[in-house]
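Report on one structure; see the data block that follows.
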Amino acid sequence: MIELDRVSKVFGAPPGAVRAVDQVCFRVEDGETVCLIGTSGSGKTTTLKMVNRLEEPTSGRILVDGQDVQTQDLIRLRRSLGYVIQKGGLFPHRTVAQNIGLLPRLEGWPADRIRARVEELLDLVSLPPERFAQRHPHELSGGQQQRVGVARALSLDPSHILMDEPFGALDPLTRDSLQEEFLRLKSRVGKTILLVTHDLDEAFRLGDRVALMHEGRLVQIGTRVDFRLRPASPFVEEFMRSHLDGPGEALALDLLDPQAQVVPMGENPGGSGPLLFLDTNGLLEAVAAEADGPRHENPPTLAASARRAVALEMLLETRLPALGVLDGQGRLLGAVTPTSALRGLQKT
Amino acid sequence: MRRLLALLAMALAILAAWDVAPARAEEPRPLVVGSKQFTEGRLLSEILAQLLEARTDLRVVRRMDLGGSRVVFSALQAGEIDLYPEYTGTGLLEILGAPRSGGPEETLRAVREGFLQKYDLVWMEPLGFNNAFAMVVTGEKARELGLRTISDLKAHPSLRYGISLEFLERADGWNPLLEAYGFPQEGMTVRGLQHGLAYEALTAGQIDVTNAYTTDGKLERYGLVALEDDRGFFPPYHAVPVIRGEILRAHPEVGRTLAMLAGSLTDRQMQHLNYRVEERKESFEAVAADFLKGRGLVQESRPLPARGRSGSFLQYLAEHPQETWALVRQHLTLTGLAVLLACLVGIPLGIGITRWTPAAPPVLAAAGVIQTIPSLALLAFLIPVPGLGLGGRTAVLALSLYAVLPILRNTWTGLRGVDAGVLEAARGMGMRPWQVLTMVELPLAVPTIMAGLRTSAVITVGMATLAAFIGAGGLGEPILTGLYLNDNVLILAGAVPAALLAVLVDLLLGRLEGLLAPRGQD
């Protein structure tokens, strides 16, 4: 577990002092991935670097597994926290195997144990050791370098990993496949991960939770549903809109129709929007275009994470006036309607 | 990285083991005869040395060709040499910095008193001749313009002057001469040049007037006319052996021996001896031995090599393989040690200023300033420093001072050029500061550091020819001798191997760079 308790960082001295991080509190639970996101200058990278003390906080405490990082030996602390940076930060004069095996070597592991560990890690990040172990970083693609960077961070099997824009410098296709791989890896190794990114899509895709920072402050921390349905401030709302409401990027969650009303069976509210009727267990039973219109029983539903294309396809196929959207726990979040499904596609 | 360290350690061991001034520590202490770097000075020193060898039981060591008055005098003061022939005028005006004090007798009395009081140095009896300065023109020019005295020069403002570098700077030299004769303040064409080159320039018609010495053997050969010093400007320059008082007290026989030479040479005789060395290409040793034998001062004469030669410098090199090889070895040793010393200072200093950056601008500036100090001035400053003196140590130190800048600067540049992301990864993953330095930063900076080392080594190979000025040997020796003997073969015999060495060193270091450079760099 990583815990930040009212952590602040001030650069420089008054009057020119800059408060880069301001009273930030949050936790990364064991096995959880939290993505720190924000505009540049929001303090997200500084926050990350204070965990492994590449930056020292001006005030506040950071605990890793309950222990204050300030009281720990710096070198031991850093070796207990895997660290991955943009472009991998590989040592260009060392082979892949030497890069990955460096910390084990400094820890005094015997050579055969190092070799075994390197091979194990290369397998883990899908780089066949016999082909990649003896290469130098410049002989690898950007994505391969980043995989080696991840393998190197895992070499001492740390329970926590800090990642600073790990996929930031990659082309979209490579980034996509590496994100996929990250999710697969995450489920296999079960690490506690704090990851900095400036890409909101990536943050929601990789993170169990997302922490949004703005001007040094933590604005909101939560899931995608939290950010969409319960934005903490107009800034969050605006941030979500500007970063997610583009063609192709929107998910069902982002396309909820505010006109749609959820009502218990039997009630008949006023208004003109489409209606979603619940049964006595609170589950969706029927949808209707309007209060007096025909009711469609047992309608199909959409997952909150379904892409816009899926929503449109289902609307066309079913000819329903609205599709219920469910979150991961099966709770009804709202509805996508033919009007809302097209939101953001027309020029206004 | 480890290979680099091993290399440095090995070189350090060599430096520690190598005694660059073997003449200093021996027992019993030999008598060291020094000389200035020009024909007459060296010839007189050779005469003194041979006489002392024949007439005393002392072992005599020669440290010839030590440059100008400043350098030789510094050496005498520091006890690096025990005696050398100096001129009364030079001693008075140049070394004591005293005003002129009349004729030959007064001048001699003044330097005797001054040197004894200030330095415990004794002026012996004058050798007889007066090697005064003179302004000379070609006989042709003298007839054409009717030049007879120095004052006559004023009537011809279009004359071009080529003045030796030493004369330009002397307290009894060029500017006071102009003042004494009332030359116009401006409008004269004056170039500074090496004295040995002035005669060629004069006969080639590139200059019209130069300064010379009245006993110069070349006056006759080039048909030059010395203009009369009609205002009595030039002080008397009688040659006198100058010796450390300590030596006279410990070895009175040295004084008695030197007294045998009192008044033994006239101006014309001296001019003739100079002529034999410079124009007839006889060796210093042979001319000196001949002179001493002729005066009955030395009975038997040693077999001596003839110095007369003709042909190209290639022939010279082919005929003197051992000498050349010894000079090359000396040259390489000087260069190698200097560059090594520069590495030992420059690399750690370069690392230091990347750790503590406020020190970087002043340190780099200081290294830059050292580069601008004229090399002969630096040598003159270093000679009196205890433990340095004449010879290898001073030369190595001076050369390494010049060699330090490229190494220092490239170390600094190389380390600062290491990718920030790589450094952050190294620190963030938990490497200790010295591990980051030795395992990441230095290996990545090796190509840049090696480039600096190459530059530095090539510069030093060239600079090391100056070591000959302070008797440290190397390929500068034949160049220097060639310059004042006006002997192109000798100059080339030093210059061409030195140039080849520079190329060779650059090639070898290039190979070494290839071996040391980290793999896997684009």
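Order determines the names: the first chain of the structure tokens is A, the second B, and so forth; residues in each chain are numbered 1 upward, and ligands are numbered 1 upward as they are shown.
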
Report the closest atom pair, with its distance in Å rounded to one decimal, for each residue of chain B that has an atom no farther than 12 Å from chain A; count only C-alpha atoms, sort by chain and then rising residue number, and write it as a Markdown table.
| residue | atom | partner | partner_atom | distance |
| --- | --- | --- | --- | --- |
| B:Met1 | CA | A:His93 | CA | 11.3 |
| B:Val418 | CA | A:Phe91 | CA | 10.3 |
| B:Asp419 | CA | A:Gly89 | CA | 8.5 |
| B:Ala420 | CA | A:Gly89 | CA | 8.6 |
| B:Gly421 | CA | A:Gly89 | CA | 5.2 |
| B:Val422 | CA | A:Gly89 | CA | 4.4 |
| B:Leu423 | CA | A:Gly89 | CA | 7.7 |
| B:Glu424 | CA | A:Gly89 | CA | 7.6 |
| B:Ala425 | CA | A:Gly89 | CA | 5.5 |
| B:Ala426 | CA | A:Gly89 | CA | 8.0 |
| B:Arg427 | CA | A:Leu54 | CA | 7.7 |
| B:Gly428 | CA | A:Arg78 | CA | 6.2 |
| B:Met429 | CA | A:Arg78 | CA | 5.6 |
| B:Gly430 | CA | A:Arg78 | CA | 4.7 |
| B:Met431 | CA | A:Ile75 | CA | 6.9 |
| B:Arg432 | CA | A:Ile75 | CA | 6.8 |
| B:Pro433 | CA | A:Ile75 | CA | 9.9 |
| B:Gln435 | CA | A:Leu106 | CA | 9.2 |
| B:Val436 | CA | A:Phe91 | CA | 10.7 |
| B:Met439 | CA | A:Phe91 | CA | 9.4 |
| B:Val440 | CA | A:Phe91 | CA | 7.0 |
| B:Glu441 | CA | A:Phe91 | CA | 9.7 |
| B:Leu442 | CA | A:His93 | CA | 10.9 |
| B:Pro443 | CA | A:His93 | CA | 7.6 |
| B:Leu444 | CA | A:His93 | CA | 7.0 |
| B:Ala445 | CA | A:His93 | CA | 10.7 |
| B:Val446 | CA | A:His93 | CA | 10.9 |
| B:Pro447 | CA | A:His93 | CA | 11.8 |
| B:Leu516 | CA | A:His93 | CA | 11.5 |
| B:Ala517 | CA | A:His93 | CA | 9.0 |
| B:Pro518 | CA | A:His93 | CA | 5.3 |
| B:Arg519 | CA | A:His93 | CA | 5.3 |
| B:Gly520 | CA | A:His93 | CA | 5.2 |
| B:Gln521 | CA | A:Pro92 | CA | 6.3 |
| B:Asp522 | CA | A:His138 | CA | 7.1 |

Could you list, with a cut-off of 12 Å and counting only C-alpha atoms, the residues of stretch 215-307 of chain B near stretch 198-206 of chain B, each shown with its nearest atom pair and the distance in Å rounded to one decimal, rows sorted by chain and ascending number, as a Markdown table?
| residue | atom | partner | partner_atom | distance |
| --- | --- | --- | --- | --- |
| B:Asp216 | CA | B:Tyr199 | CA | 11.1 |
| B:Gly217 | CA | B:Tyr199 | CA | 11.5 |
| B:Lys218 | CA | B:Tyr199 | CA | 8.1 |
| B:Leu219 | CA | B:Tyr199 | CA | 8.8 |
| B:Glu220 | CA | B:Tyr199 | CA | 11.4 |
| B:Arg221 | CA | B:Tyr199 | CA | 10.1 |
| B:Tyr222 | CA | B:Thr203 | CA | 7.4 |
| B:Gly223 | CA | B:Thr203 | CA | 9.3 |
| B:Leu224 | CA | B:Tyr199 | CA | 9.1 |
| B:Val225 | CA | B:Leu202 | CA | 11.8 |

Fewer than 6 positions away in the same chain doesn't count, so skip those; otherwise give me all residues within 6 Å of B:Tyr87, counting only C-alpha atoms, as a PDB file with N, CA and C atoms, in the first residue's frame.
ATOM      1  N   TYR B 237      79.582  44.773 -23.485  1.00  0.00           N
ATOM      2  CA  TYR B 237      79.144  43.393 -23.268  1.00  0.00           C
ATOM      3  C   TYR B 237      80.369  42.494 -23.268  1.00  0.00           C
ATOM      4  N   HIS B 238      81.116  42.557 -22.176  1.00  0.00           N
ATOM      5  CA  HIS B 238      82.273  41.677 -22.065  1.00  0.00           C
ATOM      6  C   HIS B 238      81.838  40.353 -21.483  1.00  0.00           C
ATOM      7  N   ALA B 239      82.318  39.273 -22.130  1.00  0.00           N
ATOM      8  CA  ALA B 239      81.913  37.949 -21.656  1.00  0.00           C
ATOM      9  C   ALA B 239      82.742  37.572 -20.432  1.00  0.00           C
TER      10      ALA B 239
END

Spatial neighbours of B:Val489, 7 Å, only C-alpha atoms, chain gap at least 4 places, as a ChimeraX atom specification: /B:312-313,493

Just-selected residues, C-alpha atoms written as a short mmCIF file (atom, residue, chain, number, x, y, z; two decimals), in the first residue's frame:
data_model
loop_
_atom_site.label_atom_id
_atom_site.label_comp_id
_atom_site.auth_asym_id
_atom_site.auth_seq_id
_atom_site.Cartn_x
_atom_site.Cartn_y
_atom_site.Cartn_z
CA SER B 312 69.15 15.91 -46.83
CA PHE B 313 67.72 15.46 -43.36
CA ALA B 493 65.64 16.29 -38.50
#

Non-local contacts of B:Gln37 (8 Å; only C-alpha atoms; under 6 positions in same chain excluded) as a PyMOL selection string: chain B and resi 64-68+469+480-481+484

Expected file contents, prior selection, C-alpha atoms, as an mmCIF file, in the first residue's frame:
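And here's again-v7.cif as it stands now:
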data_model
loop_
_atom_site.group_PDB
_atom_site.id
_atom_site.type_symbol
_atom_site.label_atom_id
_atom_site.label_comp_id
_atom_site.auth_asym_id
_atom_site.auth_seq_id
_atom_site.Cartn_x
_atom_site.Cartn_y
_atom_site.Cartn_z
ATOM 1 C CA MET B 64 73.489 23.562 -22.873
ATOM 2 C CA ASP B 65 70.955 25.549 -24.834
ATOM 3 C CA LEU B 66 68.882 26.803 -21.952
ATOM 4 C CA GLY B 67 67.213 29.667 -23.792
ATOM 5 C CA GLY B 68 67.658 33.363 -23.064
ATOM 6 C CA PHE B 469 64.719 25.229 -24.154
ATOM 7 C CA LEU B 480 66.721 24.590 -31.583
ATOM 8 C CA THR B 481 70.335 23.943 -32.548
ATOM 9 C CA TYR B 484 70.730 29.241 -34.290
#

DSSP strand (DSSP E or B) residues within stretch 157-241 of chain A, listed as a VMD selection string: chain A and resid 160 to 164 192 to 197 209 to 214 217 to 222

Residues within 7 Å of B:Thr335, only C-alpha atoms, excluding chain neighbours under 5 positions, as a VMD selection string: chain B and resid 460 to 461 464

All helix (DSSP H, G or I) positions in stretch 74-270 of chain B, as an NGL selection string: :B and (74-77 or 88-95 or 104-119 or 139-145 or 151-155 or 165-169 or 174-181 or 195-203 or 218-222 or 245-250 or 252-259 or 267-270)

Nearest residue to A:Thr45 from the set A:Glu317, A:Asp30, A:Asp226, A:Asp164 (distances using only C-alpha atoms):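 Among the listed residues, the smallest separation from A:Thr45 belongs to A:Asp164.
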
Residues near stretch 265-280 of chain A, cut-off 7 Å, only C-alpha atoms, skip fewer than 5 positions along chain, as a ChimeraX atom specification: /A:259-260,285-291,321-322
